[in-house]
Amino acid sequence: MLRDFFARMNRSADGQPPGVVVLKTNLSQRISTADCVFCKIAGRELPAEVLLQTPRVISILDINPIHYGHALVIPTSHCSDFLAIGDADLHELMRVAQDVARGMVSALGLEGFNVFSNNGRIAGQSVFHFHLHITPRYPDDDIRFVLKLKSYRDGEMAAYADKIRHCLSHH
Ligand code: AMP
Ligand code: ZN
């Protein structure tokens with residue numbers, strides 16, 4: 001849940017072996033779509049406060065918001081995480097996310113908002129059907145991503161960039 005996510009974000013990153021975090025292509029347990037809460041919401045089998053539905057995407061209010069109006073943007077077709085979503089769904093998802101964010105800013109008079117996604121249990125994902133969170137932010141709202149930032153030693157930044165670049169499909 002999000003509480004766990006923020007707890008994880010607040011912890012020190014020390015103790016992680018450098019550069020050996022391997023994201024599997026499917027980060028989550030395989031679950032039956034019949035048991036998937038977001039599949040059920042997309043199919044209108046479960047109730048939700050729907051903001052918008054397009055052929056490929058549904059946006060709803062999160063049932064346990066960080067702030068009131070916290071929205072989720074969800075592909076209607078099941079995929080477990082960011083690495084599993086197809087191009088057409090991804091494209092429409094981002095268009096809908098921008099529309100929802102614009103609406104939220106306008107409706108709630110926001111100065112800022114966060115867009116984020118948890119991928120894999122270790123990253124705080126609790127519903128293993130991919131979704132973006134869009135959350136209102138307010139001055140002095142005491143929500144902080146407190147991170148202990150690292151510095152690279154000589155050559156390390158280039159080495160990490162090389163390592164990742166070599167695994168990109170567009171290199
Ligand atoms: P995550 O922890 O990033 O996987 O986010 C899952 C989110 O889904 C959480 O913020 C939950 O509050 C939210 N959620 C779970 N069940 C429902 C539901 N039935 N309707 C709306 N939001 C839900
Ligand atoms: Zn699903």
# chains A, B, ... in the order shown; residues from 1 in each chain; ligands from 1
$ closest_atom_pairs --of "chain A" --to "ligand 1" --cutoff "6 Å" --atoms "only C-alpha atoms and all ligand atoms" --output "CSV"
residue,atom,partner,partner_atom_place_in_ligand_line,distance
A:Met1,CA,ligand 1,2 (O),4.1
A:Leu2,CA,ligand 1,2 (O),5.1
A:Ala48,CA,ligand 1,20 (N),5.7
A:Leu61,CA,ligand 1,21 (C),6.0
A:Asp62,CA,ligand 1,22 (N),3.8
A:Ile63,CA,ligand 1,21 (C),4.0
A:Asn64,CA,ligand 1,12 (O),4.2
A:Ser117,CA,ligand 1,3 (O),6.0
A:Asn118,CA,ligand 1,3 (O),4.7
A:Gly124,CA,ligand 1,2 (O),5.6
A:Gln125,CA,ligand 1,4 (O),3.7
A:Ser126,CA,ligand 1,4 (O),3.6
A:Val127,CA,ligand 1,4 (O),3.9
$ residues_around --residues "A:Ala101" --least-positions-apart "4" --cutoff "8 Å" --atoms "only C-alpha atoms" --output "list in words"
Ala97, Val105, Phe113 and Ile134 of chain A
$ write_last_selection --atoms "C-alpha atoms" --output "CSV table (one decimal), in the first residue's frame"
chain,number,residue,atom,x,y,z
A,97,ALA,CA,-3.1,11.0,-17.5
A,105,VAL,CA,-5.2,21.3,-11.4
A,113,PHE,CA,0.9,17.5,-8.3
A,134,ILE,CA,-1.9,11.4,-9.9
$ closest_residue --among "A:Gly109, A:Gly103, A:Pro55, A:Pro75" --to "A:Ile41" --atoms "only C-alpha atoms"
A:Pro75
$ residues_near_ligand --ligand "ligand 2" --cutoff "8 Å" --atoms "only C-alpha atoms and all ligand atoms" --output "PyMOL selection string"
chain A and resi 32-40+76-80+128-130
$ write_last_selection --atoms "C-alpha atoms" --output "PDB file, in the first residue's frame"
ATOM      1  CA  SER A  32      -5.572 -14.383 -12.637  1.00  0.00           C
ATOM      2  CA  THR A  33      -7.321 -11.397 -14.173  1.00  0.00           C
ATOM      3  CA  ALA A  34     -10.503 -12.847 -12.661  1.00  0.00           C
ATOM      4  CA  ASP A  35      -9.075 -11.931  -9.246  1.00  0.00           C
ATOM      5  CA  CYS A  36      -7.812  -8.522 -10.298  1.00  0.00           C
ATOM      6  CA  VAL A  37      -9.529  -5.586  -8.644  1.00  0.00           C
ATOM      7  CA  PHE A  38      -8.679  -3.170 -11.480  1.00  0.00           C
ATOM      8  CA  CYS A  39      -9.910  -5.615 -14.151  1.00  0.00           C
ATOM      9  CA  LYS A  40     -13.167  -5.792 -12.223  1.00  0.00           C
ATOM     10  CA  THR A  76      -8.507  -1.552 -19.122  1.00  0.00           C
ATOM     11  CA  SER A  77      -6.616  -4.548 -20.518  1.00  0.00           C
ATOM     12  CA  HIS A  78      -4.680  -6.364 -17.766  1.00  0.00           C
ATOM     13  CA  CYS A  79      -0.916  -5.894 -17.612  1.00  0.00           C
ATOM     14  CA  SER A  80       1.107  -6.302 -14.464  1.00  0.00           C
ATOM     15  CA  PHE A 128      -0.459  -5.890  -9.755  1.00  0.00           C
ATOM     16  CA  HIS A 129      -2.316  -4.330 -12.642  1.00  0.00           C
ATOM     17  CA  PHE A 130      -0.321  -1.367 -13.943  1.00  0.00           C
TER      18      PHE A 130
END
$ select_by_dssp --residues "stretch 27-135 of chain A" --states "helix (DSSP H, G or I)" --output "JSON, numbers by chain"
{"A": [33, 34, 35, 37, 38, 39, 40, 41, 42, 87, 88, 89, 90, 91, 92, 93, 94, 95, 96, 97, 98, 99, 100, 101, 102, 103, 104, 105, 106, 107, 108, 121, 122, 123]}
$ write_last_selection --atoms "N, CA and C atoms" --output "compact mmCIF listing (two decimals), in the first residue's frame"
# COMPACT_ATOMS: atom_id res chain seq x y z
N THR A 33 -6.61 -12.66 -14.00
CA THR A 33 -7.32 -11.40 -14.17
C THR A 33 -8.71 -11.47 -13.53
N ALA A 34 -9.20 -12.70 -13.33
CA ALA A 34 -10.50 -12.85 -12.66
C ALA A 34 -10.43 -12.37 -11.21
N ASP A 35 -9.24 -12.37 -10.63
CA ASP A 35 -9.08 -11.93 -9.25
C ASP A 35 -8.57 -10.50 -9.15
N VAL A 37 -8.58 -6.63 -9.03
CA VAL A 37 -9.53 -5.59 -8.64
C VAL A 37 -9.67 -4.53 -9.75
N PHE A 38 -8.58 -4.20 -10.44
CA PHE A 38 -8.68 -3.17 -11.48
C PHE A 38 -9.34 -3.71 -12.76
N CYS A 39 -9.15 -5.01 -13.04
CA CYS A 39 -9.91 -5.62 -14.15
C CYS A 39 -11.41 -5.54 -13.85
N LYS A 40 -11.75 -5.82 -12.60
CA LYS A 40 -13.17 -5.79 -12.22
C LYS A 40 -13.73 -4.38 -12.31
N ILE A 41 -12.94 -3.40 -11.90
CA ILE A 41 -13.40 -2.01 -12.00
C ILE A 41 -13.52 -1.60 -13.46
N ALA A 42 -12.53 -2.00 -14.28
CA ALA A 42 -12.57 -1.66 -15.71
C ALA A 42 -13.79 -2.29 -16.38
N ASP A 87 2.27 -0.67 -26.51
CA ASP A 87 2.46 0.70 -27.03
C ASP A 87 1.17 1.50 -27.10
N ALA A 88 0.13 0.89 -27.66
CA ALA A 88 -1.12 1.63 -27.86
C ALA A 88 -1.76 1.99 -26.52
N ASP A 89 -1.72 1.05 -25.57
CA ASP A 89 -2.27 1.32 -24.24
C ASP A 89 -1.45 2.41 -23.54
N LEU A 90 -0.13 2.31 -23.69
CA LEU A 90 0.76 3.28 -23.04
C LEU A 90 0.50 4.69 -23.57
N HIS A 91 0.36 4.78 -24.86
CA HIS A 91 0.12 6.08 -25.50
C HIS A 91 -1.19 6.69 -24.98
N GLU A 92 -2.23 5.88 -25.00
CA GLU A 92 -3.53 6.40 -24.55
C GLU A 92 -3.52 6.71 -23.04
N LEU A 93 -2.82 5.87 -22.28
CA LEU A 93 -2.71 6.08 -20.84
C LEU A 93 -2.08 7.44 -20.53
N MET A 94 -1.01 7.78 -21.26
CA MET A 94 -0.33 9.05 -20.99
C MET A 94 -1.20 10.23 -21.41
N ARG A 95 -1.94 10.07 -22.50
CA ARG A 95 -2.85 11.15 -22.93
C ARG A 95 -3.94 11.37 -21.88
N VAL A 96 -4.51 10.26 -21.39
CA VAL A 96 -5.56 10.37 -20.37
C VAL A 96 -4.97 10.95 -19.07
N ALA A 97 -3.77 10.52 -18.72
CA ALA A 97 -3.13 11.03 -17.49
C ALA A 97 -2.96 12.54 -17.56
N GLN A 98 -2.56 13.02 -18.72
CA GLN A 98 -2.39 14.48 -18.86
C GLN A 98 -3.74 15.20 -18.76
N ASP A 99 -4.75 14.61 -19.35
CA ASP A 99 -6.10 15.19 -19.29
C ASP A 99 -6.60 15.24 -17.84
N VAL A 100 -6.40 14.13 -17.12
CA VAL A 100 -6.85 14.06 -15.72
C VAL A 100 -6.05 15.07 -14.88
N ALA A 101 -4.75 15.15 -15.11
CA ALA A 101 -3.93 16.10 -14.34
C ALA A 101 -4.37 17.54 -14.60
N ARG A 102 -4.64 17.85 -15.86
CA ARG A 102 -5.12 19.20 -16.20
C ARG A 102 -6.44 19.50 -15.49
N GLY A 103 -7.35 18.52 -15.53
CA GLY A 103 -8.65 18.69 -14.89
C GLY A 103 -8.51 18.87 -13.39
N MET A 104 -7.60 18.09 -12.80
CA MET A 104 -7.39 18.15 -11.36
C MET A 104 -6.82 19.52 -10.95
N VAL A 105 -5.85 19.98 -11.71
CA VAL A 105 -5.23 21.29 -11.43
C VAL A 105 -6.29 22.38 -11.50
N SER A 106 -7.11 22.29 -12.53
CA SER A 106 -8.13 23.31 -12.73
C SER A 106 -9.24 23.22 -11.67
N ALA A 107 -9.71 22.00 -11.41
CA ALA A 107 -10.83 21.83 -10.46
C ALA A 107 -10.44 22.17 -9.03
N LEU A 108 -9.19 21.81 -8.65
CA LEU A 108 -8.79 21.97 -7.25
C LEU A 108 -7.88 23.17 -7.05
N ARG A 121 6.73 -5.42 -5.92
CA ARG A 121 6.41 -5.33 -4.48
C ARG A 121 7.45 -4.51 -3.73
N ILE A 122 8.72 -4.68 -4.09
CA ILE A 122 9.81 -3.98 -3.40
C ILE A 122 9.68 -2.47 -3.56
N ALA A 123 9.02 -2.05 -4.65
CA ALA A 123 8.83 -0.62 -4.91
C ALA A 123 7.49 -0.12 -4.38
